[in-house]
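J.: Got a structure for you, final.cif, holding mmCIF, C-alpha atoms (C1' of nucleotides).
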```
data_protein
loop_
_atom_site.group_PDB
_atom_site.id
_atom_site.type_symbol
_atom_site.label_atom_id
_atom_site.label_comp_id
_atom_site.auth_asym_id
_atom_site.auth_seq_id
_atom_site.Cartn_x
_atom_site.Cartn_y
_atom_site.Cartn_z
ATOM 1 C CA MET G 1264 6.619 -126.308 -172.730
ATOM 2 C CA PRO G 1265 9.578 -125.964 -170.409
ATOM 3 C CA MET G 1266 11.419 -122.814 -169.528
ATOM 4 C CA LYS G 1267 8.949 -120.117 -170.322
ATOM 5 C CA ARG G 1268 9.623 -117.924 -167.360
ATOM 6 C CA LEU G 1269 12.360 -115.369 -167.397
ATOM 7 C CA THR G 1270 14.220 -116.141 -164.203
ATOM 8 C CA ARG G 1271 17.446 -114.632 -162.949
ATOM 9 C CA GLN G 1272 19.226 -117.875 -163.699
ATOM 10 C CA ARG G 1273 18.084 -118.067 -167.237
ATOM 11 C CA ARG G 1274 18.909 -114.441 -167.961
ATOM 12 C CA ALA G 1275 22.395 -114.887 -166.527
ATOM 13 C CA VAL G 1276 23.139 -117.971 -168.620
ATOM 14 C CA LEU G 1277 22.064 -116.290 -171.822
ATOM 15 C CA GLU G 1278 24.067 -113.160 -171.077
ATOM 16 C CA VAL G 1279 27.192 -115.112 -170.258
ATOM 17 C CA LEU G 1280 26.861 -117.067 -173.461
ATOM 18 C CA ARG G 1281 26.309 -113.967 -175.543
ATOM 19 C CA GLY G 1282 29.214 -112.224 -173.887
ATOM 20 C CA THR G 1283 31.866 -114.635 -175.100
ATOM 21 C CA LYS G 1284 33.219 -115.869 -178.389
ATOM 22 C CA SER G 1285 34.894 -118.886 -176.844
ATOM 23 C CA HIS G 1286 32.197 -121.504 -177.489
ATOM 24 C CA PRO G 1287 32.285 -122.650 -173.885
ATOM 25 C CA ASP G 1288 31.032 -125.865 -172.354
ATOM 26 C CA ALA G 1289 28.533 -126.174 -169.520
ATOM 27 C CA ALA G 1290 31.231 -126.218 -166.832
ATOM 28 C CA TRP G 1291 32.666 -122.898 -167.999
ATOM 29 C CA VAL G 1292 29.219 -121.307 -168.195
ATOM 30 C CA TYR G 1293 28.497 -122.602 -164.704
ATOM 31 C CA GLN G 1294 31.694 -121.081 -163.366
ATOM 32 C CA GLU G 1295 30.941 -117.716 -164.972
ATOM 33 C CA VAL G 1296 27.308 -117.577 -163.936
ATOM 34 C CA ARG G 1297 28.282 -118.350 -160.353
ATOM 35 C CA LYS G 1298 30.075 -115.024 -160.231
ATOM 36 C CA ARG G 1299 26.650 -113.438 -160.414
ATOM 37 C CA ILE G 1300 24.513 -116.089 -158.773
ATOM 38 C CA PRO G 1301 26.748 -118.104 -156.453
ATOM 39 C CA SER G 1302 23.923 -120.449 -155.511
ATOM 40 C CA ILE G 1303 23.115 -121.613 -159.015
ATOM 41 C CA SER G 1304 23.532 -125.328 -159.623
ATOM 42 C CA LEU G 1305 25.179 -127.111 -162.482
ATOM 43 C CA GLY G 1306 21.948 -128.956 -163.106
ATOM 44 C CA THR G 1307 20.162 -125.691 -163.743
ATOM 45 C CA VAL G 1308 22.870 -124.622 -166.150
ATOM 46 C CA TYR G 1309 22.382 -127.837 -168.094
ATOM 47 C CA ARG G 1310 18.618 -127.483 -168.066
ATOM 48 C CA THR G 1311 18.830 -123.892 -169.190
ATOM 49 C CA LEU G 1312 21.290 -124.606 -171.969
ATOM 50 C CA ASP G 1313 19.064 -127.413 -173.120
ATOM 51 C CA ALA G 1314 16.050 -125.112 -173.197
ATOM 52 C CA LEU G 1315 17.952 -122.453 -175.113
ATOM 53 C CA VAL G 1316 19.001 -125.028 -177.685
ATOM 54 C CA LYS G 1317 15.409 -126.200 -178.112
ATOM 55 C CA GLU G 1318 14.260 -122.629 -178.575
ATOM 56 C CA GLY G 1319 16.907 -122.113 -181.229
ATOM 57 C CA LEU G 1320 18.700 -119.366 -179.325
ATOM 58 C CA VAL G 1321 21.869 -121.392 -178.936
ATOM 59 C CA MET G 1322 23.624 -123.976 -181.059
ATOM 60 C CA PRO G 1323 25.364 -127.007 -179.548
ATOM 61 C CA LEU G 1324 28.717 -128.109 -180.931
ATOM 62 C CA HIS G 1325 29.963 -131.676 -180.716
ATOM 63 C CA HIS G 1326 33.533 -132.418 -181.582
ATOM 64 C CA GLY G 1327 36.155 -134.853 -180.436
ATOM 65 C CA GLY G 1328 33.961 -136.615 -177.930
ATOM 66 C CA GLY G 1329 34.507 -134.156 -175.081
ATOM 67 C CA ALA G 1330 31.930 -131.945 -173.452
ATOM 68 C CA THR G 1331 29.265 -130.251 -175.546
ATOM 69 C CA ARG G 1332 30.096 -126.652 -176.343
ATOM 70 C CA TYR G 1333 27.589 -123.905 -176.990
ATOM 71 C CA ASP G 1334 27.520 -121.101 -179.526
ATOM 72 C CA ALA G 1335 25.187 -118.139 -179.112
ATOM 73 C CA ASN G 1336 25.609 -117.365 -182.792
ATOM 74 C CA THR G 1337 22.998 -119.562 -184.428
ATOM 75 C CA MET G 1338 23.662 -118.314 -187.941
ATOM 76 C CA PRO G 1339 25.182 -121.284 -189.792
ATOM 77 C CA HIS G 1340 28.901 -120.668 -190.040
ATOM 78 C CA PRO G 1341 32.017 -122.828 -190.237
ATOM 79 C CA HIS G 1342 34.382 -123.430 -187.316
ATOM 80 C CA LEU G 1343 38.009 -124.331 -186.969
ATOM 81 C CA TYR G 1344 38.883 -126.750 -184.180
ATOM 82 C CA CYS G 1345 42.433 -126.330 -182.972
ATOM 83 C CA ARG G 1346 43.946 -129.764 -182.513
ATOM 84 C CA ARG G 1347 46.565 -128.409 -180.138
ATOM 85 C CA CYS G 1348 44.646 -126.313 -177.601
ATOM 86 C CA GLY G 1349 41.073 -127.263 -178.357
ATOM 87 C CA ALA G 1350 39.927 -123.740 -179.188
ATOM 88 C CA VAL G 1351 36.970 -123.268 -181.500
ATOM 89 C CA VAL G 1352 37.361 -120.362 -183.902
ATOM 90 C CA ASP G 1353 34.534 -118.790 -185.876
ATOM 91 C CA LEU G 1354 35.337 -118.521 -189.562
ATOM 92 C CA ASP G 1355 34.314 -115.728 -191.843
ATOM 93 C CA LEU G 1356 33.655 -117.968 -194.785
ATOM 94 C CA GLU G 1357 30.696 -118.357 -197.051
ATOM 95 C CA PRO G 1358 29.456 -121.931 -196.713
ATOM 96 C CA PRO G 1359 29.399 -123.617 -200.131
ATOM 97 C CA ASP G 1360 26.004 -123.924 -201.774
ATOM 98 C CA ILE G 1361 26.030 -127.675 -201.771
ATOM 99 C CA LEU G 1362 22.575 -128.707 -200.603
ATOM 100 C CA LYS G 1363 21.215 -128.772 -204.131
ATOM 101 C CA GLU G 1364 24.109 -130.842 -205.407
ATOM 102 C CA ALA G 1365 23.626 -133.317 -202.579
ATOM 103 C CA SER G 1366 19.905 -133.645 -203.301
ATOM 104 C CA GLU G 1367 20.530 -134.249 -206.994
ATOM 105 C CA ARG G 1368 23.106 -136.902 -206.315
ATOM 106 C CA HIS G 1369 21.008 -138.674 -203.682
ATOM 107 C CA PRO G 1370 17.348 -138.051 -204.570
ATOM 108 C CA GLU G 1371 16.144 -140.666 -202.071
ATOM 109 C CA LEU G 1372 17.550 -138.717 -199.140
ATOM 110 C CA LYS G 1373 16.290 -135.508 -197.635
ATOM 111 C CA PHE G 1374 18.943 -132.910 -196.906
ATOM 112 C CA GLU G 1375 18.034 -130.177 -194.475
ATOM 113 C CA THR G 1376 21.173 -128.563 -193.103
ATOM 114 C CA PHE G 1377 24.881 -129.140 -193.081
ATOM 115 C CA GLN G 1378 27.917 -128.067 -191.178
ATOM 116 C CA LEU G 1379 31.451 -127.436 -192.279
ATOM 117 C CA GLU G 1380 34.025 -128.145 -189.596
ATOM 118 C CA PHE G 1381 37.717 -127.565 -190.106
ATOM 119 C CA GLU G 1382 40.530 -128.991 -188.044
ATOM 120 C CA GLY G 1383 43.934 -127.380 -187.793
ATOM 121 C CA LEU G 1384 45.672 -124.805 -185.645
ATOM 122 C CA CYS G 1385 44.444 -121.545 -184.183
ATOM 123 C CA ALA G 1386 46.566 -118.405 -184.546
ATOM 124 C CA GLU G 1387 48.361 -118.823 -181.223
ATOM 125 C CA CYS G 1388 49.204 -122.474 -181.752
ATOM 126 C CA ALA G 1389 50.244 -121.966 -185.364
ATOM 127 C CA GLY G 1390 52.692 -119.335 -184.169
ATOM 128 C CA ALA G 1391 53.934 -121.457 -181.297
ATOM 129 C CA LEU G 1392 54.652 -124.430 -183.531
ATOM 130 C CA ALA G 1393 56.339 -122.318 -186.183
ATOM 131 C CA SER G 1394 58.977 -121.019 -183.781
ATOM 132 C CA MET P 1186 53.642 -147.979 -179.031
ATOM 133 C CA PRO P 1187 50.436 -149.748 -178.155
ATOM 134 C CA MET P 1188 48.677 -152.484 -180.049
ATOM 135 C CA LYS P 1189 51.406 -153.849 -182.226
ATOM 136 C CA ARG P 1190 50.489 -157.478 -181.880
ATOM 137 C CA LEU P 1191 47.926 -159.079 -184.078
ATOM 138 C CA THR P 1192 45.707 -160.810 -181.574
ATOM 139 C CA ARG P 1193 42.465 -162.618 -182.176
ATOM 140 C CA GLN P 1194 40.595 -159.795 -180.539
ATOM 141 C CA ARG P 1195 42.089 -157.132 -182.657
ATOM 142 C CA ARG P 1196 41.561 -159.044 -185.880
ATOM 143 C CA ALA P 1197 37.934 -159.631 -185.000
ATOM 144 C CA VAL P 1198 37.241 -155.982 -184.231
ATOM 145 C CA LEU P 1199 38.749 -154.830 -187.498
ATOM 146 C CA GLU P 1200 36.861 -157.426 -189.508
ATOM 147 C CA VAL P 1201 33.556 -156.566 -187.891
ATOM 148 C CA LEU P 1202 34.130 -152.910 -188.592
ATOM 149 C CA ARG P 1203 35.069 -153.540 -192.204
ATOM 150 C CA GLY P 1204 32.107 -155.817 -192.685
ATOM 151 C CA THR P 1205 29.477 -153.163 -192.053
ATOM 152 C CA LYS P 1206 28.422 -149.875 -193.528
ATOM 153 C CA SER P 1207 26.431 -148.855 -190.506
ATOM 154 C CA HIS P 1208 29.020 -146.724 -188.699
ATOM 155 C CA PRO P 1209 28.461 -148.576 -185.445
ATOM 156 C CA ASP P 1210 29.357 -147.548 -181.927
ATOM 157 C CA ALA P 1211 31.503 -149.508 -179.492
ATOM 158 C CA ALA P 1212 28.543 -151.321 -177.969
ATOM 159 C CA TRP P 1213 27.437 -152.682 -181.344
ATOM 160 C CA VAL P 1214 30.957 -153.763 -182.232
ATOM 161 C CA TYR P 1215 31.202 -155.469 -178.852
ATOM 162 C CA GLN P 1216 27.985 -157.347 -179.431
ATOM 163 C CA GLU P 1217 29.108 -158.497 -182.880
ATOM 164 C CA VAL P 1218 32.600 -159.499 -181.854
ATOM 165 C CA ARG P 1219 31.187 -161.541 -178.997
ATOM 166 C CA LYS P 1220 29.589 -163.828 -181.548
ATOM 167 C CA ARG P 1221 33.114 -164.909 -182.433
ATOM 168 C CA ILE P 1222 34.890 -164.391 -179.141
ATOM 169 C CA PRO P 1223 32.315 -164.608 -176.364
ATOM 170 C CA SER P 1224 34.889 -163.842 -173.696
ATOM 171 C CA ILE P 1225 36.010 -160.524 -175.110
ATOM 172 C CA SER P 1226 35.464 -157.528 -172.868
ATOM 173 C CA LEU P 1227 34.023 -154.153 -173.675
ATOM 174 C CA GLY P 1228 37.202 -152.570 -172.379
ATOM 175 C CA THR P 1229 39.228 -154.415 -174.986
ATOM 176 C CA VAL P 1230 36.871 -153.270 -177.701
ATOM 177 C CA TYR P 1231 37.371 -149.676 -176.619
ATOM 178 C CA ARG P 1232 41.135 -150.085 -176.408
ATOM 179 C CA THR P 1233 41.245 -151.703 -179.804
ATOM 180 C CA LEU P 1234 39.067 -149.088 -181.454
ATOM 181 C CA ASP P 1235 41.236 -146.416 -179.917
ATOM 182 C CA ALA P 1236 44.359 -148.046 -181.291
ATOM 183 C CA LEU P 1237 42.845 -148.410 -184.744
ATOM 184 C CA VAL P 1238 41.945 -144.734 -184.732
ATOM 185 C CA LYS P 1239 45.470 -143.761 -183.755
ATOM 186 C CA GLU P 1240 46.868 -145.909 -186.526
ATOM 187 C CA GLY P 1241 44.577 -144.212 -189.001
ATOM 188 C CA LEU P 1242 42.726 -147.403 -189.921
ATOM 189 C CA VAL P 1243 39.437 -146.176 -188.558
ATOM 190 C CA MET P 1244 37.784 -142.790 -188.299
ATOM 191 C CA PRO P 1245 35.717 -141.765 -185.282
ATOM 192 C CA LEU P 1246 32.481 -139.858 -185.805
ATOM 193 C CA HIS P 1247 31.027 -137.542 -183.196
ATOM 194 C CA HIS P 1248 27.545 -136.231 -183.650
ATOM 195 C CA GLY P 1249 24.718 -135.267 -181.396
ATOM 196 C CA GLY P 1250 26.508 -136.003 -178.183
ATOM 197 C CA GLY P 1251 25.766 -139.722 -178.129
ATOM 198 C CA ALA P 1252 28.240 -142.566 -178.338
ATOM 199 C CA THR P 1253 31.219 -142.309 -180.668
ATOM 200 C CA ARG P 1254 30.679 -144.137 -183.930
ATOM 201 C CA TYR P 1255 33.386 -145.655 -186.075
ATOM 202 C CA ASP P 1256 33.904 -145.706 -189.818
ATOM 203 C CA ALA P 1257 36.352 -148.140 -191.421
ATOM 204 C CA ASN P 1258 36.385 -145.956 -194.529
ATOM 205 C CA THR P 1259 39.032 -143.388 -193.716
ATOM 206 C CA MET P 1260 38.845 -141.658 -197.071
ATOM 207 C CA PRO P 1261 37.374 -138.222 -196.331
ATOM 208 C CA HIS P 1262 33.741 -138.282 -197.389
ATOM 209 C CA PRO P 1263 30.559 -136.535 -196.312
ATOM 210 C CA HIS P 1264 27.864 -138.145 -194.183
ATOM 211 C CA LEU P 1265 24.179 -137.615 -193.709
ATOM 212 C CA TYR P 1266 22.858 -137.974 -190.165
ATOM 213 C CA CYS P 1267 19.218 -138.969 -190.077
ATOM 214 C CA ARG P 1268 17.495 -136.881 -187.442
ATOM 215 C CA ARG P 1269 14.694 -139.411 -187.125
ATOM 216 C CA CYS P 1270 16.411 -142.788 -186.717
ATOM 217 C CA GLY P 1271 19.996 -141.750 -186.116
ATOM 218 C CA ALA P 1272 21.425 -143.605 -189.099
ATOM 219 C CA VAL P 1273 24.641 -142.380 -190.672
ATOM 220 C CA VAL P 1274 24.673 -142.589 -194.450
ATOM 221 C CA ASP P 1275 27.796 -142.352 -196.610
ATOM 222 C CA LEU P 1276 27.431 -139.823 -199.379
ATOM 223 C CA ASP P 1277 28.848 -140.120 -202.837
ATOM 224 C CA LEU P 1278 29.719 -136.472 -203.133
ATOM 225 C CA GLU P 1279 32.878 -134.696 -204.035
ATOM 226 C CA PRO P 1280 33.888 -132.555 -201.068
ATOM 227 C CA PRO P 1281 34.268 -128.929 -202.140
ATOM 228 C CA ASP P 1282 37.804 -127.698 -202.628
ATOM 229 C CA ILE P 1283 37.584 -125.167 -199.867
ATOM 230 C CA LEU P 1284 40.823 -125.492 -197.930
ATOM 231 C CA LYS P 1285 42.573 -122.946 -200.121
ATOM 232 C CA GLU P 1286 39.767 -120.457 -199.804
ATOM 233 C CA ALA P 1287 39.785 -120.845 -196.037
ATOM 234 C CA SER P 1288 43.545 -120.291 -195.863
ATOM 235 C CA GLU P 1289 43.317 -117.168 -197.969
ATOM 236 C CA ARG P 1290 40.574 -115.710 -195.889
ATOM 237 C CA HIS P 1291 42.261 -116.531 -192.579
ATOM 238 C CA PRO P 1292 46.030 -116.498 -193.227
ATOM 239 C CA GLU P 1293 46.818 -116.585 -189.505
ATOM 240 C CA LEU P 1294 45.163 -119.991 -189.082
ATOM 241 C CA LYS P 1295 46.388 -123.351 -190.272
ATOM 242 C CA PHE P 1296 43.795 -125.508 -191.970
ATOM 243 C CA GLU P 1297 44.553 -129.197 -192.194
ATOM 244 C CA THR P 1298 41.347 -131.112 -192.827
ATOM 245 C CA PHE P 1299 37.651 -130.533 -192.817
ATOM 246 C CA GLN P 1300 34.457 -132.483 -192.649
ATOM 247 C CA LEU P 1301 31.122 -131.938 -194.263
ATOM 248 C CA GLU P 1302 28.214 -133.292 -192.243
ATOM 249 C CA PHE P 1303 24.641 -133.139 -193.437
ATOM 250 C CA GLU P 1304 21.550 -133.532 -191.343
ATOM 251 C CA GLY P 1305 18.241 -134.658 -192.728
ATOM 252 C CA LEU P 1306 16.403 -137.911 -193.361
ATOM 253 C CA CYS P 1307 17.624 -141.274 -194.609
ATOM 254 C CA ALA P 1308 15.734 -143.051 -197.387
ATOM 255 C CA GLU P 1309 13.552 -145.113 -195.033
ATOM 256 C CA CYS P 1310 12.576 -142.181 -192.848
ATOM 257 C CA ALA P 1311 11.979 -139.853 -195.774
ATOM 258 C CA GLY P 1312 9.544 -142.429 -197.159
ATOM 259 C CA ALA P 1313 7.884 -143.009 -193.817
ATOM 260 C CA LEU P 1314 7.247 -139.323 -193.258
ATOM 261 C CA ALA P 1315 5.984 -138.775 -196.780
ATOM 262 C CA SER P 1316 3.168 -141.269 -196.383
ATOM 263 C "C1'" DG V 957 -2.282 -119.514 -155.461
ATOM 264 C "C1'" DT V 958 -0.351 -122.352 -159.264
ATOM 265 C "C1'" DG V 959 2.741 -124.442 -161.992
ATOM 266 C "C1'" DG V 960 7.006 -123.824 -163.971
ATOM 267 C "C1'" DT V 961 11.842 -123.553 -162.019
ATOM 268 C "C1'" DT V 962 15.521 -124.398 -158.859
ATOM 269 C "C1'" DG V 963 19.097 -126.684 -155.756
ATOM 270 C "C1'" DC V 964 20.600 -130.814 -154.253
ATOM 271 C "C1'" DA V 965 22.123 -135.199 -154.796
ATOM 272 C "C1'" DA V 966 21.713 -139.516 -156.839
ATOM 273 C "C1'" DA V 967 21.758 -141.981 -160.940
ATOM 274 C "C1'" DG V 968 22.741 -142.726 -165.869
ATOM 275 C "C1'" DG V 969 25.390 -143.467 -170.167
ATOM 276 C "C1'" DC V 970 29.690 -143.780 -172.290
ATOM 277 C "C1'" DT V 971 34.545 -144.370 -171.822
ATOM 278 C "C1'" DT V 972 38.933 -144.984 -169.492
ATOM 279 C "C1'" DT V 973 42.034 -147.261 -166.388
ATOM 280 C "C1'" DG V 974 44.623 -150.284 -162.692
ATOM 281 C "C1'" DC V 975 45.788 -154.680 -161.983
ATOM 282 C "C1'" DA V 976 47.015 -159.495 -162.283
ATOM 283 C "C1'" DG V 977 47.073 -163.139 -165.439
ATOM 284 C "C1'" DG V 978 47.704 -164.587 -170.288
ATOM 285 C "C1'" DC V 979 49.423 -164.829 -174.907
ATOM 286 C "C1'" DA V 980 51.987 -163.369 -179.255
ATOM 287 C "C1'" DC V 981 56.410 -163.046 -180.538
ATOM 288 C "C1'" DG C 1195 61.038 -165.613 -171.472
ATOM 289 C "C1'" DT C 1196 59.449 -160.761 -172.223
ATOM 290 C "C1'" DG C 1197 56.458 -157.339 -172.708
ATOM 291 C "C1'" DC C 1198 52.308 -156.236 -174.773
ATOM 292 C "C1'" DC C 1199 47.470 -157.502 -174.446
ATOM 293 C "C1'" DT C 1200 43.399 -159.119 -172.102
ATOM 294 C "C1'" DG C 1201 39.369 -159.626 -168.793
ATOM 295 C "C1'" DC C 1202 37.461 -157.788 -164.939
ATOM 296 C "C1'" DA C 1203 35.814 -154.364 -162.240
ATOM 297 C "C1'" DA C 1204 36.152 -149.902 -160.448
ATOM 298 C "C1'" DA C 1205 36.415 -145.298 -161.422
ATOM 299 C "C1'" DG C 1206 35.905 -141.089 -164.384
ATOM 300 C "C1'" DC C 1207 33.702 -137.694 -167.053
ATOM 301 C "C1'" DC C 1208 29.699 -135.433 -168.665
ATOM 302 C "C1'" DT C 1209 24.906 -135.139 -168.419
ATOM 303 C "C1'" DT C 1210 20.249 -136.160 -166.882
ATOM 304 C "C1'" DT C 1211 16.688 -136.705 -163.446
ATOM 305 C "C1'" DG C 1212 13.578 -137.195 -159.009
ATOM 306 C "C1'" DC C 1213 12.080 -134.562 -155.454
ATOM 307 C "C1'" DA C 1214 10.683 -131.004 -152.303
ATOM 308 C "C1'" DA C 1215 11.135 -126.148 -151.781
ATOM 309 C "C1'" DC C 1216 10.742 -121.876 -154.197
ATOM 310 C "C1'" DC C 1217 9.392 -117.988 -157.011
ATOM 311 C "C1'" DA C 1218 7.600 -115.619 -161.346
ATOM 312 C "C1'" DC C 1219 3.359 -114.849 -162.995
#
```
Kindly return the structure encoded in the file as structure tokens.

T.:
Amino acid sequence: MPMKRLTRQRRAVLEVLRGTKSHPDAAWVYQEVRKRIPSISLGTVYRTLDALVKEGLVMPLHHGGGATRYDANTMPHPHLYCRRCGAVVDLDLEPPDILKEASERHPELKFETFQLEFEGLCAECAGALAS
Amino acid sequence: MPMKRLTRQRRAVLEVLRGTKSHPDAAWVYQEVRKRIPSISLGTVYRTLDALVKEGLVMPLHHGGGATRYDANTMPHPHLYCRRCGAVVDLDLEPPDILKEASERHPELKFETFQLEFEGLCAECAGALAS
DNA sequence: GTGGTTGCAAAGGCTTTGCAGGCAC
DNA sequence: GTGCCTGCAAAGCCTTTGCAACCAC
């Protein structure tokens, strides 16, 4: 029911999210959207992000207990979390076809989706630590 | 440096954690440990869990943005998160050997570990929804 | 005009932290 | 005895929410 109208605020949040590959959190989105709409509130950013998630236009990422991050690419795809700088990198990797295997091994459970999350070092941090 | 001494509190937290398969959060651990040590504080539970994680005796689980949950089984293994009741179920499933593939596809990144997290329904909820 | 949406600010949940006293070693 | 550990309470983040004004429809 919520968030049916196309307001300036909502349009701005979606555009900001689609214009980055950085998987930002609400605070970063807020900061960016304020460049266009200085009067927008953080509460509205949260409400809008929430609505976009419910509509399936945005995917929330939870990792490491910090702030929720948001990905405008809702196609299932693996991520690498950099343990040094916290960056989230999209991976060009075919997710393994493992749902069937899981269902066969545990017939009493219902498997719907899964996510593959790597931890390691992004390109910059891998280079920095190698030197 | 921290948490080198084997105190009553620390022993109790570890034993509670090892005595359950439910992947509890800090509040649940607190409640259980209080049955043995009524004077223990929630702060100590958090500090102890944190120390156990740093020592590699316990693995933290982040999912859905709620409270951090803790798993005394630190062997890498997949989980199923029940979207209905929130339960976390251990899966008896060989994780795919995908680290090499990831490294080949993205040579500039450093892959160290990964986690496979399913979402779906636990046995109880799958049965409840089927009826 | 009407009801969803917003800004503001307060509150909420989870977690961390400063401090003085206490306990394992 | 020494220094880490504890209980307590306050504070800290991140996020949600109540309310009156506002605006897209």

J.: Could you check how far CA of Glu1309 in chain P sits from CA of His1264 in chain P, in Å to one decimal?

T.: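 Straight-line distance from CA of Glu1309 in chain P to CA of His1264 in chain P works out to 15.9 Å.
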
J.: Hey, can you pull every residue with an atom no more than 8 Å from (25.1, -133.4, -172.0), using all atoms listed in the file, and send it as a ChimeraX atom specification?

T.: /G:1309,1330-1331 /P:1250 /C:1208-1210

J.: Compute the chain V side of the contact with chain G at 8 Å, counting all atoms listed in the file, and hand it back as a list in words.

T.: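 So the residues of chain V near chain G are DG960, DT961, DT962 and DG963 of chain V.
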
J.: Suppose you want the space between CA of Ala1272 in chain P and CA of Leu1356 in chain G; what is it in Å?

T.: 29.0 Å

J.: Output the contact residues of chain C with respect to chain P at a cut-off of 9 Å, based on all atoms listed in the file, as a list in words.

T.: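 Close to chain P, chain C has DC1198, DC1199, DT1200, DG1201 and DC1202 of chain C.
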
J.: Within 9 Å of chain P, which residues of chain G are there when counting all atoms listed in the file? Please give them as an NGL selection string.

T.: :G and (1323-1331 or 1343 or 1345 or 1354-1356 or 1359 or 1361-1362 or 1364-1365 or 1368-1390)

J.: How many Å lie between CA of Val1243 in chain P and CA of Thr1259 in chain P, rounded to one decimal?

T.: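 Taking CA of Val1243 in chain P as the start and CA of Thr1259 in chain P as the end point, the length is 5.9 Å.
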
J.: Starting from the PyMOL selection byres ((chain P and resi 1210) around 7), expand the selection into actual residues of this file and give them as a list in words.

T.: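 After applying the PyMOL selection byres ((chain P and resi 1210) around 7), what remains is His1208, Pro1209, Ala1211, Ala1212, Trp1213, Val1214, Ala1252, Thr1253, Arg1254 and Tyr1255 of chain P.
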
J.: List every protein, DNA or RNA residue with an atom no more than 12 Å from (31.3, -112.7, -177.0) in the file's coordinates, counting only C-alpha atoms (C1' of nucleotides), and format the result as a list in words.

T.: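 Checked against the point, the hits come out as Leu1277, Glu1278, Val1279, Leu1280, Arg1281, Gly1282, Thr1283, Lys1284, Ser1285, His1286, Pro1287, Tyr1333, Asp1334, Ala1335, Asn1336, Val1352 and Asp1353 of chain G.
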
J.: Write out, as a PDB file, in the coordinates of the input, the residues just selected, with C-alpha atoms.

T.:
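Dumped everything to result_17.pdb:
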```pdb
ATOM      1  CA  LEU G1277      22.064-116.290-171.822  1.00  0.00           C
ATOM      2  CA  GLU G1278      24.067-113.160-171.077  1.00  0.00           C
ATOM      3  CA  VAL G1279      27.192-115.112-170.258  1.00  0.00           C
ATOM      4  CA  LEU G1280      26.861-117.067-173.461  1.00  0.00           C
ATOM      5  CA  ARG G1281      26.309-113.967-175.543  1.00  0.00           C
ATOM      6  CA  GLY G1282      29.214-112.224-173.887  1.00  0.00           C
ATOM      7  CA  THR G1283      31.866-114.635-175.100  1.00  0.00           C
ATOM      8  CA  LYS G1284      33.219-115.869-178.389  1.00  0.00           C
ATOM      9  CA  SER G1285      34.894-118.886-176.844  1.00  0.00           C
ATOM     10  CA  HIS G1286      32.197-121.504-177.489  1.00  0.00           C
ATOM     11  CA  PRO G1287      32.285-122.650-173.885  1.00  0.00           C
ATOM     12  CA  TYR G1333      27.589-123.905-176.990  1.00  0.00           C
ATOM     13  CA  ASP G1334      27.520-121.101-179.526  1.00  0.00           C
ATOM     14  CA  ALA G1335      25.187-118.139-179.112  1.00  0.00           C
ATOM     15  CA  ASN G1336      25.609-117.365-182.792  1.00  0.00           C
ATOM     16  CA  VAL G1352      37.361-120.362-183.902  1.00  0.00           C
ATOM     17  CA  ASP G1353      34.534-118.790-185.876  1.00  0.00           C
TER      18      ASP G1353
END
```

J.: Please define a box with edges along x, y and z of the file around all atoms of range 1204-1219 of chain C given in the file, extend it by 6 Å on each side, and return its centre and edge lengths in Å to one decimal, as JSON.

T.:
```
{"center_x": 19.9, "center_y": -132.4, "center_z": -160.2, "size_x": 45.1, "size_y": 47.1, "size_z": 28.9}
```
